[in-house]
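What follows is the content of entry29.cif, which has mmCIF, C-alpha atoms:
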data_query
loop_
_atom_site.label_atom_id
_atom_site.label_comp_id
_atom_site.auth_asym_id
_atom_site.auth_seq_id
_atom_site.Cartn_x
_atom_site.Cartn_y
_atom_site.Cartn_z
CA MET A 1 14.04 -4.82 -10.32
CA ALA A 2 13.11 -1.22 -11.14
CA LYS A 3 9.44 -2.09 -10.56
CA TYR A 4 10.29 -3.66 -7.18
CA GLN A 5 12.21 -0.55 -6.17
CA ALA A 6 9.34 1.69 -7.28
CA LEU A 7 6.88 -0.35 -5.18
CA ASP A 8 9.28 -0.30 -2.21
CA ASP A 9 9.51 3.50 -2.46
CA VAL A 10 5.75 3.96 -2.75
CA PHE A 11 5.01 1.69 0.24
CA VAL A 12 7.71 3.38 2.35
CA ALA A 13 6.29 6.78 1.41
CA LEU A 14 2.79 5.68 2.47
CA ALA A 15 4.00 4.21 5.79
CA ASP A 16 3.73 7.49 7.66
CA PRO A 17 0.61 9.40 8.78
CA THR A 18 2.06 12.83 7.90
CA ARG A 19 2.87 11.73 4.35
CA ARG A 20 -0.54 10.08 3.95
CA ALA A 21 -2.18 13.30 5.17
CA VAL A 22 -0.21 15.23 2.53
CA ILE A 23 -1.37 12.81 -0.19
CA ARG A 24 -4.93 13.25 1.06
CA ARG A 25 -4.68 17.05 1.08
CA LEU A 26 -3.19 17.09 -2.43
CA GLY A 27 -6.13 14.97 -3.59
CA GLU A 28 -8.17 18.17 -3.13
CA GLY A 29 -5.77 20.16 -5.33
CA SER A 30 -2.18 21.41 -5.58
CA ALA A 31 -0.71 23.37 -2.67
CA SER A 32 2.51 25.08 -1.65
CA VAL A 33 4.90 23.43 0.80
CA GLY A 34 4.04 26.20 3.31
CA GLU A 35 0.30 25.48 3.07
CA LEU A 36 0.89 21.74 3.34
CA ALA A 37 3.17 22.09 6.36
CA GLU A 38 0.81 24.39 8.26
CA PRO A 39 -1.30 21.74 10.10
CA PHE A 40 1.73 19.79 11.36
CA PRO A 41 3.55 20.59 14.62
CA ILE A 42 6.98 19.94 13.09
CA THR A 43 9.75 22.18 11.77
CA LEU A 44 9.85 23.07 8.08
CA PRO A 45 13.13 21.12 7.52
CA SER A 46 11.49 17.99 9.01
CA PHE A 47 8.45 18.54 6.84
CA MET A 48 10.66 18.97 3.78
CA LYS A 49 12.07 15.47 4.39
CA HIS A 50 8.54 14.09 4.03
CA VAL A 51 8.02 16.13 0.84
CA ARG A 52 11.26 14.85 -0.63
CA MET A 53 10.39 11.25 0.21
CA LEU A 54 7.01 11.65 -1.47
CA GLU A 55 8.71 13.20 -4.50
CA THR A 56 11.30 10.39 -4.71
CA SER A 57 8.51 7.81 -4.65
CA GLY A 58 6.84 9.60 -7.58
CA LEU A 59 3.62 10.09 -5.60
CA ILE A 60 3.93 13.87 -5.82
CA ARG A 61 5.61 16.33 -8.16
CA THR A 62 6.93 19.71 -7.12
CA ARG A 63 7.81 22.83 -9.05
CA LYS A 64 9.27 26.14 -7.96
CA THR A 65 7.21 29.24 -8.79
CA GLY A 66 9.26 32.22 -7.69
CA ARG A 67 10.06 31.55 -4.03
CA VAL A 68 7.21 29.10 -3.54
CA ARG A 69 7.38 25.34 -4.14
CA ILE A 70 4.07 23.97 -5.41
CA CYS A 71 3.25 20.28 -4.86
CA THR A 72 0.91 18.25 -7.06
CA LEU A 73 -0.38 14.73 -6.55
CA ASN A 74 0.60 12.15 -9.17
CA GLN A 75 -2.46 9.93 -8.83
CA LYS A 76 -1.15 7.43 -11.40
CA ARG A 77 1.64 6.40 -9.09
CA LEU A 78 -0.88 4.93 -6.66
CA SER A 79 -1.89 2.49 -9.41
CA LEU A 80 1.29 0.56 -8.58
CA VAL A 81 -0.40 -0.32 -5.28
CA ASP A 82 -3.71 -1.06 -7.02
CA ASP A 83 -1.96 -3.36 -9.50
CA TRP A 84 -0.11 -5.21 -6.77
CA LEU A 85 -3.32 -5.74 -4.77
CA ALA A 86 -5.14 -6.94 -7.92
CA GLU A 87 -2.33 -9.44 -8.59
CA GLN A 88 -2.72 -10.90 -5.07
CA ARG A 89 -6.49 -11.13 -5.47
CA ASP A 90 -6.07 -13.01 -8.76
CA LEU A 91 -3.86 -15.56 -6.99
CA TRP A 92 -6.43 -16.08 -4.22
CA GLU A 93 -9.21 -16.53 -6.77
CA GLN A 94 -7.17 -19.05 -8.78
CA ARG A 95 -6.59 -20.94 -5.54
CA THR A 96 -10.30 -20.88 -4.65
CA ASP A 97 -11.09 -22.16 -8.16
CA ARG A 98 -8.60 -25.02 -7.75
CA LEU A 99 -10.06 -25.92 -4.34
CA GLU A 100 -13.59 -25.84 -5.77
CA GLN A 101 -12.50 -28.04 -8.68
CA PHE A 102 -10.96 -30.46 -6.20
CA VAL A 103 -14.10 -30.60 -4.03
CA THR A 104 -16.52 -31.03 -6.96
CA HIS A 105 -14.28 -33.37 -9.03
CA PRO A 106 -11.97 -34.97 -6.46
CA GLN A 107 -10.82 -37.70 -8.89
CA GLU A 108 -9.27 -35.23 -11.37
CA LYS A 109 -5.89 -33.69 -10.70
CA PRO A 110 -6.22 -29.93 -10.19
CA MET B 1 -4.44 6.63 16.25
CA ALA B 2 -4.62 2.81 16.42
CA LYS B 3 -5.85 2.74 12.82
CA TYR B 4 -2.96 5.00 11.73
CA GLN B 5 -0.47 2.67 13.43
CA ALA B 6 -2.05 -0.37 11.78
CA LEU B 7 -1.77 1.28 8.35
CA ASP B 8 1.83 2.32 9.07
CA ASP B 9 2.69 -1.29 9.99
CA VAL B 10 0.98 -2.72 6.91
CA PHE B 11 2.70 -0.28 4.54
CA VAL B 12 6.11 -0.86 6.18
CA ALA B 13 5.57 -4.62 5.91
CA LEU B 14 4.77 -4.30 2.19
CA ALA B 15 7.78 -2.05 1.49
CA ASP B 16 10.14 -4.97 0.91
CA PRO B 17 10.30 -7.42 -2.03
CA THR B 18 11.02 -10.45 0.20
CA ARG B 19 7.98 -9.75 2.36
CA ARG B 20 5.79 -9.12 -0.71
CA ALA B 21 7.01 -12.43 -2.18
CA VAL B 22 6.01 -14.19 1.07
CA ILE B 23 2.53 -12.60 0.91
CA ARG B 24 2.27 -13.73 -2.71
CA ARG B 25 3.36 -17.28 -1.89
CA LEU B 26 0.92 -17.51 1.05
CA GLY B 27 -1.84 -16.43 -1.34
CA GLU B 28 -1.48 -19.93 -2.81
CA GLY B 29 -1.90 -21.56 0.61
CA SER B 30 -0.31 -21.88 4.07
CA ALA B 31 3.34 -22.88 4.33
CA SER B 32 6.00 -23.53 6.95
CA VAL B 33 8.72 -20.94 7.65
CA GLY B 34 11.25 -23.40 6.18
CA GLU B 35 9.31 -23.73 2.91
CA LEU B 36 8.84 -19.97 2.69
CA ALA B 37 12.52 -19.24 3.36
CA GLU B 38 13.78 -21.74 0.79
CA PRO B 39 13.85 -19.48 -2.34
CA PHE B 40 15.70 -16.65 -0.56
CA PRO B 41 19.50 -16.40 -0.36
CA ILE B 42 19.42 -15.13 3.24
CA THR B 43 19.97 -16.76 6.61
CA LEU B 44 17.04 -18.18 8.56
CA PRO B 45 17.41 -15.56 11.36
CA SER B 46 17.23 -12.78 8.73
CA PHE B 47 14.21 -14.42 7.16
CA MET B 48 12.55 -14.73 10.59
CA LYS B 49 12.77 -10.94 10.97
CA HIS B 50 10.64 -10.60 7.84
CA VAL B 51 8.18 -13.18 9.18
CA ARG B 52 7.92 -11.36 12.49
CA MET B 53 7.36 -8.01 10.76
CA LEU B 54 4.59 -9.54 8.64
CA GLU B 55 3.05 -11.05 11.77
CA THR B 56 3.23 -7.75 13.69
CA SER B 57 1.46 -6.01 10.81
CA GLY B 58 -1.33 -8.59 10.98
CA LEU B 59 -0.81 -9.58 7.33
CA ILE B 60 0.07 -13.14 8.31
CA ARG B 61 -0.64 -15.42 11.25
CA THR B 62 1.68 -18.13 12.47
CA ARG B 63 1.15 -21.20 14.64
CA LYS B 64 3.55 -23.78 15.94
CA THR B 65 2.78 -27.41 15.03
CA GLY B 66 5.38 -29.54 16.80
CA ARG B 67 8.72 -28.09 15.70
CA VAL B 68 7.34 -26.45 12.58
CA ARG B 69 5.92 -22.92 12.38
CA ILE B 70 3.09 -22.66 9.86
CA CYS B 71 2.28 -19.28 8.30
CA THR B 72 -1.13 -18.30 6.94
CA LEU B 73 -2.11 -15.18 5.02
CA ASN B 74 -4.66 -12.89 6.68
CA GLN B 75 -6.19 -11.48 3.49
CA LYS B 76 -8.53 -9.19 5.43
CA ARG B 77 -5.61 -7.11 6.63
CA LEU B 78 -4.91 -5.97 3.09
CA SER B 79 -8.37 -4.35 3.07
CA LEU B 80 -6.83 -1.56 5.18
CA VAL B 81 -4.87 -0.63 2.05
CA ASP B 82 -7.96 -1.04 -0.15
CA ASP B 83 -9.98 1.21 2.15
CA TRP B 84 -7.29 3.88 2.21
CA LEU B 85 -7.02 3.87 -1.59
CA ALA B 86 -10.82 4.05 -1.93
CA GLU B 87 -10.88 7.05 0.43
CA GLN B 88 -8.35 8.89 -1.76
CA ARG B 89 -10.30 8.08 -4.91
CA ASP B 90 -13.50 9.46 -3.33
CA LEU B 91 -11.69 12.72 -2.62
CA TRP B 92 -10.47 13.00 -6.23
CA GLU B 93 -13.96 12.32 -7.56
CA GLN B 94 -15.50 14.93 -5.25
CA ARG B 95 -12.93 17.39 -6.54
CA THR B 96 -13.64 16.51 -10.17
CA ASP B 97 -17.37 16.98 -9.48
CA ARG B 98 -16.72 20.41 -7.95
CA LEU B 99 -14.56 21.43 -10.93
CA GLU B 100 -17.24 20.21 -13.35
CA GLN B 101 -19.90 22.11 -11.41
CA PHE B 102 -17.73 25.23 -11.59
CA VAL B 103 -17.14 24.87 -15.34
CA THR B 104 -20.79 24.21 -16.19
CA HIS B 105 -22.28 26.68 -13.64
CA PRO B 106 -19.50 29.23 -13.05
CA GLN B 107 -21.84 31.74 -11.37
CA GLU B 108 -22.72 29.41 -8.47
CA LYS B 109 -20.33 28.90 -5.59
CA PRO B 110 -18.99 25.32 -5.54
#
As structure tokens:
Amino acid sequence: MAKYQALDDVFVALADPTRRAVIRRLGEGSASVGELAEPFPITLPSFMKHVRMLETSGLIRTRKTGRVRICTLNQKRLSLVDDWLAEQRDLWEQRTDRLEQFVTHPQEKP
Amino acid sequence: MAKYQALDDVFVALADPTRRAVIRRLGEGSASVGELAEPFPITLPSFMKHVRMLETSGLIRTRKTGRVRICTLNQKRLSLVDDWLAEQRDLWEQRTDRLEQFVTHPQEKP
């Protein structure tokens, strides 16, 4: 159940262009909340909601350095999405194999 | 903007264990709404909301055959997620290359 919840949180976090842009920017290196917020025409409190959602999902980590909050990407968290996609692909391939088996040896049960 | 919206819809659709289970089940082959709903302890109208959300995202297609609605997975739609992940990975690799360049040739500007 914990894994389901983690995947839910990651997918919810990625379902917004502002949050995806933050992930993308952090892929180039850590940045302060102020630097990250700069390109977006929204208030800092609104932006902080996005930051908190990303942090809850585990996709980013933040730490306070004096009065500045620095955000860092946690690339490993995206592997949850990779793993889920790989699992689906495995299922499709198994199905294709079964269909192929059925077409080439129709008398055998798959 | 259309691409952003499509990604938003796909990520929102994937942010729920029932909808991910439907995607997984359809990976094994098409199925009717009734068959898909069967394992879930929710009402059919609630289940239909999930089906509609999956359809809106483009992850599944549905067609009516008599009184039965058949759902089919649209695997290609998941490539939006693949492409987005690949884009992030490219950025990380470019960054690693720049850091490596800086470490091995610190006098040159990256």
Inset, instruction - Excluding region 77-89 of chain A and any residue of its chain fewer than 6 positions from it, enumerate the residues within 10 Å of it, using only C-alpha atoms, and give them as a ChimeraX atom specification. - result: /A:3,6-7,10-11,14,57-60,95 /B:14,20,23-28,75,78-79,81-82,85,88
Inset, instruction - Run the PyMOL selection byres ((chain A and resi 71) around 9) against the file shown and list the residues it catches, as a ChimeraX atom specification. - result: /A:26,30-33,36,51,55,60-64,69-70,72-73
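When all atoms listed in the file are used to compute distances to chain B, the closest of the residues A:Phe102, A:Glu93, A:Gln107, A:Val68 turns out to be A:Glu93.
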Inset, instruction - Find the residue from A:Asp90, A:Asp16, A:Glu35, A:Glu100 that sits nearest to chain B; use all atoms listed in the file when measuring. - result: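 Closest residue, counting all atoms listed in the file: A:Asp16.
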Inset, instruction - Counting all atoms listed in the file, figure out which residue out of B:Met53, B:Leu91, B:Thr104, B:Arg19 gets nearest to chain A. - result: B:Leu91
Inset, instruction - Check the smallest atom-to-atom distance from each of B:Phe47, B:Thr96, B:Glu38, B:Thr65 to chain A using only C-alpha atoms, then report the winner. - result: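 Using only C-alpha atoms, chain A sits closest to B:Thr96.
We find CA of Ala37 (chain A) and CA of Val22 (chain A) to be spaced 8.6 Å apart.
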Legend entry - For chain B, the nearest of the candidates A:Leu99, A:Ile42, A:Ala15, A:Ala2, counting all atoms listed in the file: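 Using all atoms listed in the file, chain B sits closest to A:Ala15.
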Inset, instruction - Choose the residue, out of B:Arg52, B:Arg67, B:His105, B:Arg98, that has the smallest atom-to-atom separation from chain A; count all atoms listed in the file. - result: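 Ranking B:Arg52, B:Arg67, B:His105, B:Arg98 by distance to chain A, first place goes to B:Arg98.
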Quick test: take region 17-92 of chain A, keep C-alpha atoms, and write it as a short mmCIF file (atom, residue, chain, number, x, y, z; two decimals), in the first residue's frame.
data_model
loop_
_atom_site.label_atom_id
_atom_site.label_comp_id
_atom_site.auth_asym_id
_atom_site.auth_seq_id
_atom_site.Cartn_x
_atom_site.Cartn_y
_atom_site.Cartn_z
CA PRO A 17 3.40 22.10 -15.73
CA THR A 18 4.86 24.37 -13.01
CA ARG A 19 6.01 21.40 -10.95
CA ARG A 20 7.43 19.66 -14.04
CA ALA A 21 9.30 22.86 -14.92
CA VAL A 22 10.78 22.90 -11.40
CA ILE A 23 11.90 19.26 -11.76
CA ARG A 24 13.45 20.17 -15.11
CA ARG A 25 15.25 23.21 -13.69
CA LEU A 26 16.57 21.20 -10.73
CA GLY A 27 17.93 18.65 -13.21
CA GLU A 28 20.50 21.35 -14.05
CA GLY A 29 21.48 21.73 -10.38
CA SER A 30 20.17 22.77 -6.96
CA ALA A 31 18.50 26.18 -6.59
CA SER A 32 16.86 28.33 -3.95
CA VAL A 33 13.07 28.65 -3.78
CA GLY A 34 13.45 32.31 -4.83
CA GLU A 35 15.43 31.39 -7.95
CA LEU A 36 12.98 28.62 -8.82
CA ALA A 37 9.94 30.85 -8.36
CA GLU A 38 11.35 33.70 -10.47
CA PRO A 39 10.07 32.59 -13.94
CA PHE A 40 6.50 31.98 -12.75
CA PRO A 41 3.82 34.69 -12.65
CA ILE A 42 2.41 33.44 -9.33
CA THR A 43 2.75 34.57 -5.72
CA LEU A 44 5.45 33.05 -3.52
CA PRO A 45 2.85 31.35 -1.23
CA SER A 46 1.28 29.67 -4.30
CA PHE A 47 4.70 28.62 -5.49
CA MET A 48 5.52 27.23 -2.05
CA LYS A 49 2.50 24.90 -2.35
CA HIS A 50 4.10 23.39 -5.46
CA VAL A 51 7.44 23.05 -3.64
CA ARG A 52 5.78 21.33 -0.71
CA MET A 53 3.91 18.93 -2.99
CA LEU A 54 7.15 18.04 -4.75
CA GLU A 55 8.83 17.52 -1.38
CA THR A 56 5.98 15.31 -0.09
CA SER A 57 6.26 13.15 -3.20
CA GLY A 58 9.98 12.70 -2.52
CA LEU A 59 10.91 14.11 -5.93
CA ILE A 60 12.82 16.99 -4.35
CA ARG A 61 14.55 17.62 -1.05
CA THR A 62 14.87 21.01 0.60
CA ARG A 63 17.16 22.35 3.27
CA LYS A 64 17.33 25.72 4.97
CA THR A 65 20.66 27.56 4.73
CA GLY A 66 20.31 30.71 6.79
CA ARG A 67 17.22 32.44 5.41
CA VAL A 68 17.33 30.63 2.07
CA ARG A 69 15.66 27.30 1.29
CA ILE A 70 17.69 25.26 -1.19
CA CYS A 71 15.93 22.62 -3.31
CA THR A 72 17.63 19.55 -4.76
CA LEU A 73 16.25 16.98 -7.18
CA ASN A 74 15.97 13.40 -5.92
CA GLN A 75 16.42 11.67 -9.28
CA LYS A 76 15.96 8.21 -7.75
CA ARG A 77 12.33 8.95 -6.98
CA LEU A 78 11.56 9.11 -10.69
CA SER A 79 12.61 5.46 -10.93
CA LEU A 80 9.21 4.61 -9.40
CA VAL A 81 7.71 5.82 -12.69
CA ASP A 82 10.36 3.98 -14.73
CA ASP A 83 9.68 0.76 -12.83
CA TRP A 84 5.94 1.05 -13.29
CA LEU A 85 6.32 1.66 -17.05
CA ALA A 86 8.72 -1.31 -17.33
CA GLU A 87 6.19 -3.53 -15.54
CA GLN A 88 3.48 -2.58 -18.08
CA ARG A 89 5.83 -3.21 -20.99
CA ASP A 90 6.66 -6.68 -19.62
CA LEU A 91 2.94 -7.51 -19.54
CA TRP A 92 2.47 -6.38 -23.16
#
